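Colleague: Below is upload-v4.txt; it holds compact mmCIF, C-alpha atoms.
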```
# COMPACT_ATOMS: atom_id res chain seq x y z
CA MET A 1 104.81 100.09 102.21
CA ASN A 2 106.47 101.46 105.35
CA LYS A 3 107.47 105.04 106.05
CA ALA A 4 110.75 105.80 107.77
CA ILE A 5 112.84 108.36 109.54
CA PHE A 6 116.41 108.00 108.31
CA ILE A 7 118.76 109.39 110.95
CA ASP A 8 122.41 110.30 110.69
CA LYS A 9 124.34 108.85 113.64
CA ASP A 10 127.26 111.11 114.60
CA GLY A 11 126.27 114.66 115.50
CA THR A 12 122.57 113.92 115.08
CA LEU A 13 121.54 110.89 117.16
CA ILE A 14 124.69 110.77 119.30
CA PRO A 15 127.42 113.36 119.98
CA ASP A 16 130.12 113.35 117.31
CA VAL A 17 133.25 111.75 118.74
CA PRO A 18 135.41 111.36 115.62
CA TYR A 19 135.97 107.77 114.53
CA ASN A 20 134.61 106.38 117.79
CA VAL A 21 133.69 102.70 118.09
CA ASN A 22 134.05 102.49 121.88
CA PRO A 23 130.55 101.63 123.17
CA ASP A 24 131.35 103.29 126.52
CA LEU A 25 131.54 106.68 124.78
CA ILE A 26 128.18 106.34 123.05
CA HIS A 27 125.15 108.14 124.45
CA LEU A 28 122.15 109.88 122.94
CA GLU A 29 122.07 113.57 122.10
CA LEU A 30 119.92 115.74 124.34
CA ASN A 31 116.36 116.38 123.19
CA CYS A 32 115.90 113.32 121.01
CA VAL A 33 114.14 110.60 123.03
CA GLU A 34 110.68 112.16 123.13
CA GLY A 35 110.80 113.00 119.43
CA LEU A 36 111.89 109.49 118.47
CA LYS A 37 109.08 108.00 120.55
CA ARG A 38 106.51 110.27 118.94
CA LEU A 39 107.76 109.42 115.43
CA GLN A 40 107.75 105.69 116.23
CA ASN A 41 104.22 105.97 117.62
CA ALA A 42 103.18 107.72 114.40
CA GLY A 43 104.22 104.58 112.49
CA TYR A 44 107.69 105.50 111.26
CA LEU A 45 110.53 102.99 111.13
CA LEU A 46 113.74 104.41 112.61
CA VAL A 47 116.81 103.71 110.47
CA ILE A 48 120.38 104.91 110.96
CA ILE A 49 122.29 106.00 107.85
CA SER A 50 125.97 106.67 108.61
CA ASN A 51 129.27 107.27 106.84
CA GLN A 52 132.01 105.30 108.63
CA SER A 53 135.18 106.12 106.71
CA GLY A 54 137.25 105.09 109.75
CA VAL A 55 137.16 101.58 108.26
CA ALA A 56 138.73 102.71 104.96
CA ARG A 57 141.20 104.92 106.82
CA GLY A 58 142.35 102.01 109.01
CA TYR A 59 141.22 103.55 112.31
CA PHE A 60 139.08 100.52 113.16
CA LYS A 61 137.93 97.22 111.66
CA GLU A 62 134.48 96.96 110.07
CA ASP A 63 133.38 94.34 112.61
CA ALA A 64 133.74 96.98 115.39
CA LEU A 65 130.58 98.58 114.03
CA ALA A 66 128.54 95.57 115.21
CA GLU A 67 129.25 96.62 118.81
CA VAL A 68 128.24 100.19 117.99
CA GLU A 69 124.95 98.94 116.56
CA MET A 70 124.34 96.75 119.62
CA LYS A 71 125.04 99.65 121.99
CA LEU A 72 122.67 101.96 120.08
CA LYS A 73 119.93 99.32 120.06
CA SER A 74 120.43 98.78 123.80
CA ILE A 75 120.28 102.51 124.63
CA LEU A 76 117.17 102.99 122.50
CA THR A 77 115.48 99.84 123.82
CA ASN A 78 115.97 101.18 127.36
CA GLU A 79 113.92 104.19 126.22
CA ASN A 80 111.24 101.93 124.62
CA ILE A 81 112.42 102.88 121.13
CA GLN A 82 113.05 100.25 118.44
CA LEU A 83 115.86 100.75 115.93
CA ASN A 84 114.68 99.14 112.70
CA GLY A 85 117.87 99.38 110.68
CA PHE A 86 121.56 100.28 110.87
CA TYR A 87 123.20 101.05 107.52
CA TYR A 88 126.73 102.37 107.13
CA CYS A 89 129.26 103.11 104.41
CA PRO A 90 132.81 101.93 105.25
CA HIS A 91 134.34 103.43 102.08
CA HIS A 92 136.42 106.50 101.30
CA THR A 93 138.45 107.31 98.19
CA GLU A 94 141.32 108.56 100.40
CA GLY A 95 141.29 105.41 102.50
CA THR A 96 144.36 103.23 102.96
CA VAL A 97 142.65 99.87 103.51
CA SER A 98 141.76 97.74 100.52
CA PRO A 99 138.99 96.95 99.50
CA TYR A 100 137.42 99.96 101.26
CA SER A 101 139.46 102.68 99.55
CA ILE A 102 137.08 103.02 96.61
CA GLU A 103 134.55 105.38 95.13
CA CYS A 104 131.13 103.95 95.98
CA LEU A 105 127.45 104.75 95.66
CA CYS A 106 126.67 104.38 99.36
CA ARG A 107 128.70 107.24 100.86
CA LYS A 108 126.58 110.28 101.63
CA PRO A 109 125.88 112.67 99.88
CA LEU A 110 124.99 109.85 97.48
CA PRO A 111 121.71 108.09 98.30
CA GLY A 112 122.87 104.46 98.07
CA LEU A 113 122.36 103.52 101.73
CA ILE A 114 118.89 105.05 101.84
CA LEU A 115 117.91 103.27 98.62
CA LYS A 116 119.24 99.95 99.98
CA ALA A 117 117.33 100.39 103.25
CA ALA A 118 114.17 101.33 101.33
CA GLU A 119 114.40 98.16 99.25
CA GLU A 120 115.18 95.84 102.17
CA LEU A 121 112.59 97.34 104.54
CA SER A 122 109.84 98.10 101.97
CA ILE A 123 109.99 101.85 102.61
CA ASP A 124 108.04 104.43 100.63
CA LEU A 125 110.60 107.21 100.22
CA LYS A 126 108.02 109.87 99.34
CA HIS A 127 106.53 109.53 102.82
CA SER A 128 109.90 109.33 104.60
CA TRP A 129 112.36 111.83 106.05
CA MET A 130 116.14 112.11 106.39
CA ILE A 131 117.43 113.96 109.48
CA GLY A 132 121.08 114.97 109.67
CA ASP A 133 123.49 117.58 110.95
CA ILE A 134 125.33 118.38 107.72
CA LEU A 135 124.29 119.11 104.16
CA ASN A 136 125.69 115.80 102.88
CA ASP A 137 122.88 114.15 104.88
CA ILE A 138 120.35 116.50 103.32
CA GLU A 139 121.65 115.88 99.81
CA ALA A 140 121.48 112.10 100.28
CA GLY A 141 117.90 112.33 101.52
CA ASN A 142 116.78 114.66 98.76
CA ARG A 143 118.47 112.55 96.07
CA ALA A 144 116.68 109.47 97.44
CA GLY A 145 113.30 111.22 97.24
CA CYS A 146 112.77 111.87 100.96
CA LYS A 147 111.91 115.09 102.71
CA THR A 148 114.80 116.41 104.77
CA ILE A 149 115.57 118.18 108.04
CA LEU A 150 118.87 119.76 109.01
CA ILE A 151 119.79 119.70 112.69
CA ASP A 152 121.48 123.11 112.67
CA ASN A 153 123.86 122.57 115.59
CA GLY A 154 127.03 124.08 114.15
CA ASN A 155 128.42 120.87 112.61
CA GLU A 156 127.95 122.08 109.02
CA THR A 157 130.91 124.33 108.28
CA GLU A 158 131.12 124.49 104.46
CA TRP A 159 127.56 125.52 103.49
CA LEU A 160 128.05 124.51 99.85
CA ILE A 161 124.53 124.86 98.48
CA ASN A 162 122.90 123.32 95.42
CA ASP A 163 119.32 122.21 94.73
CA TYR A 164 119.85 118.91 96.58
CA ARG A 165 121.37 120.53 99.67
CA VAL A 166 118.38 122.62 100.73
CA PRO A 167 116.47 121.08 103.65
CA TYR A 168 112.71 121.29 104.06
CA PHE A 169 113.27 122.47 107.63
CA ARG A 170 116.11 123.59 109.90
CA VAL A 171 115.79 122.80 113.61
CA LYS A 172 117.97 122.50 116.72
CA ASP A 173 117.35 118.85 117.67
CA ILE A 174 115.43 115.67 116.93
CA ASN A 175 112.54 116.65 119.21
CA GLN A 176 112.00 119.79 117.09
CA ALA A 177 112.35 117.69 113.93
CA ALA A 178 109.56 115.42 115.19
CA ASP A 179 107.37 118.48 115.79
CA LYS A 180 107.87 119.60 112.17
CA ILE A 181 107.25 116.13 110.72
CA LEU A 182 104.13 115.46 112.76
CA LEU A 183 102.76 118.95 112.08
CA SER A 184 103.29 118.46 108.33
CA ILE A 185 101.27 115.22 108.51
CA THR A 186 98.45 117.06 110.31
CA ASN A 187 98.55 119.89 107.75
CA ASN A 188 98.49 117.44 104.82
CA ARG A 189 95.44 115.66 106.29
CA SER A 190 93.58 118.94 106.76
CA HIS A 191 94.25 119.88 103.10
CA ALA A 192 93.09 116.51 101.75
```
For the structure just supplied, provide its representation as structure tokens.
Modeller:
Amino acid sequence: MNKAIFIDKDGTLIPDVPYNVNPDLIHLELNCVEGLKRLQNAGYLLVIISNQSGVARGYFKEDALAEVEMKLKSILTNENIQLNGFYYCPHHTEGTVSPYSIECLCRKPLPGLILKAAEELSIDLKHSWMIGDILNDIEAGNRAGCKTILIDNGNETEWLINDYRVPYFRVKDINQAADKILLSITNNRSHA
């Protein structure tokens, strides 16, 4: 079985430009490349897990997300980082575009996308992590059985807490998240 780092896209991997599908506006967040390389070198698959309600809301067509995925793969490849999966939820109950305006199991905070990725990529969720910038990301990861890290960059504004919305760690960026993950592996080995 593989282990993975599930990564929220907007506000975590790339700056959050609401409902953006323009590849020219996509670039990596600061302080993420080194961390992603270190996690990849430690044997983790890198998988994006993203809510994309702009499809359901009629802001863009679902096929526009293929260009977003291609741009992200290109940016990461230029840094010698391989993106192993790109999973997104196009649904929202307040959407205006049928058949996307539904209640689904894949929209975070539900764990559907993580569970789908785990099945398709043979991922062991107990040895995997979800990194995101809001507590819906954390809840999805915890519900799926992953460990979780909140990128505490000011994007979470509601702070509605329950047992599923408590991260293992809070950090400022992906590089710091990698430090925590890799240190926890070292600590687990020394206790074995």
Colleague: Counting all atoms listed in the file, which of A:Ile102, A:Thr157, A:Asn84, A:Pro15 gets nearest to Ser122 of chain A?
Modeller: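 Answer, going by the shortest atom-to-atom distance: A:Asn84.
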Colleague: First collect every listed atom of segment 129-144 of chain A; then fit an axis-aligned box around them, widen it by 5 Å on each side, and give centre and edge lengths in Å to one decimal, as AutoDock Vina command-line options.
Modeller:
```
--center_x 119.0 --center_y 114.3 --center_z 103.5 --size_x 23.3 --size_y 19.6 --size_z 24.9
```
Colleague: Of the residues A:Ser50, A:Tyr88, A:Tyr44, A:Glu103, which is the one nearest to Ile185 of chain A, using all atoms listed in the file?
Modeller: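 Ranked by minimum distance to Ile185 of chain A, first place goes to A:Tyr44.
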Colleague: Using all atoms listed in the file for the distances, tell me which of A:Glu119, A:Asp133, A:Asp16, A:Glu29 is nearest to Trp159 of chain A.
Modeller: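 Residue with the minimum atom-to-atom distance to Trp159 of chain A: A:Asp133.
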Colleague: As a PyMOL selection string, please: the residues near Asp163 of chain A (cut-off 12 Å, all atoms listed in the file, same-chain neighbours under 4 positions excluded).
Modeller: chain A and resi 135+138-140+142-143+167-168
Colleague: So, with all atoms listed in the file as the atoms that count, which of A:Cys104, A:Lys147, A:Ala4, A:Pro18 lies closest to Asp124 of chain A?
Modeller: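 Among the listed residues, the smallest separation from Asp124 of chain A belongs to A:Ala4.
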Colleague: Within 10 Å of (105.8, 117.1, 107.1) (coordinates as in the file), grab all the protein and nucleic acid residues, counting all atoms listed in the file, and write them out as a VMD selection string.
Modeller: chain A and resid 127 to 129 147 to 149 168 to 169 177 to 188
Colleague: Would you compute the distance between atom CA of Tyr59 of chain A and atom CA of Ser98 of chain A? Give it in Å to one decimal.
Modeller: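 Pair atom CA of Tyr59 of chain A / atom CA of Ser98 of chain A returns 13.2 Å.
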Colleague: Given the choices A:Tyr100, A:Val55, A:Leu45, A:Gln40, which gets closest to Lys3 of chain A if the distance is worked out from only C-alpha atoms?
Modeller: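 The closest residue to Lys3 of chain A is A:Leu45.
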Colleague: To one decimal place in Å, what is the distance between atom CA of Asp24 of chain A and atom CA of Phe86 of chain A?
Modeller: 18.7 Å
Colleague: To one decimal place in Å, what is the distance between atom CA of His92 of chain A and atom CA of Arg170 of chain A?
Modeller: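 Between these atoms lies a distance of 27.9 Å.
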Colleague: My list of candidates is A:Ile81, A:His27, A:Pro90, A:Lys126. Which is closest to Met1 of chain A when distances are computed with only C-alpha atoms?
Modeller: A:Lys126
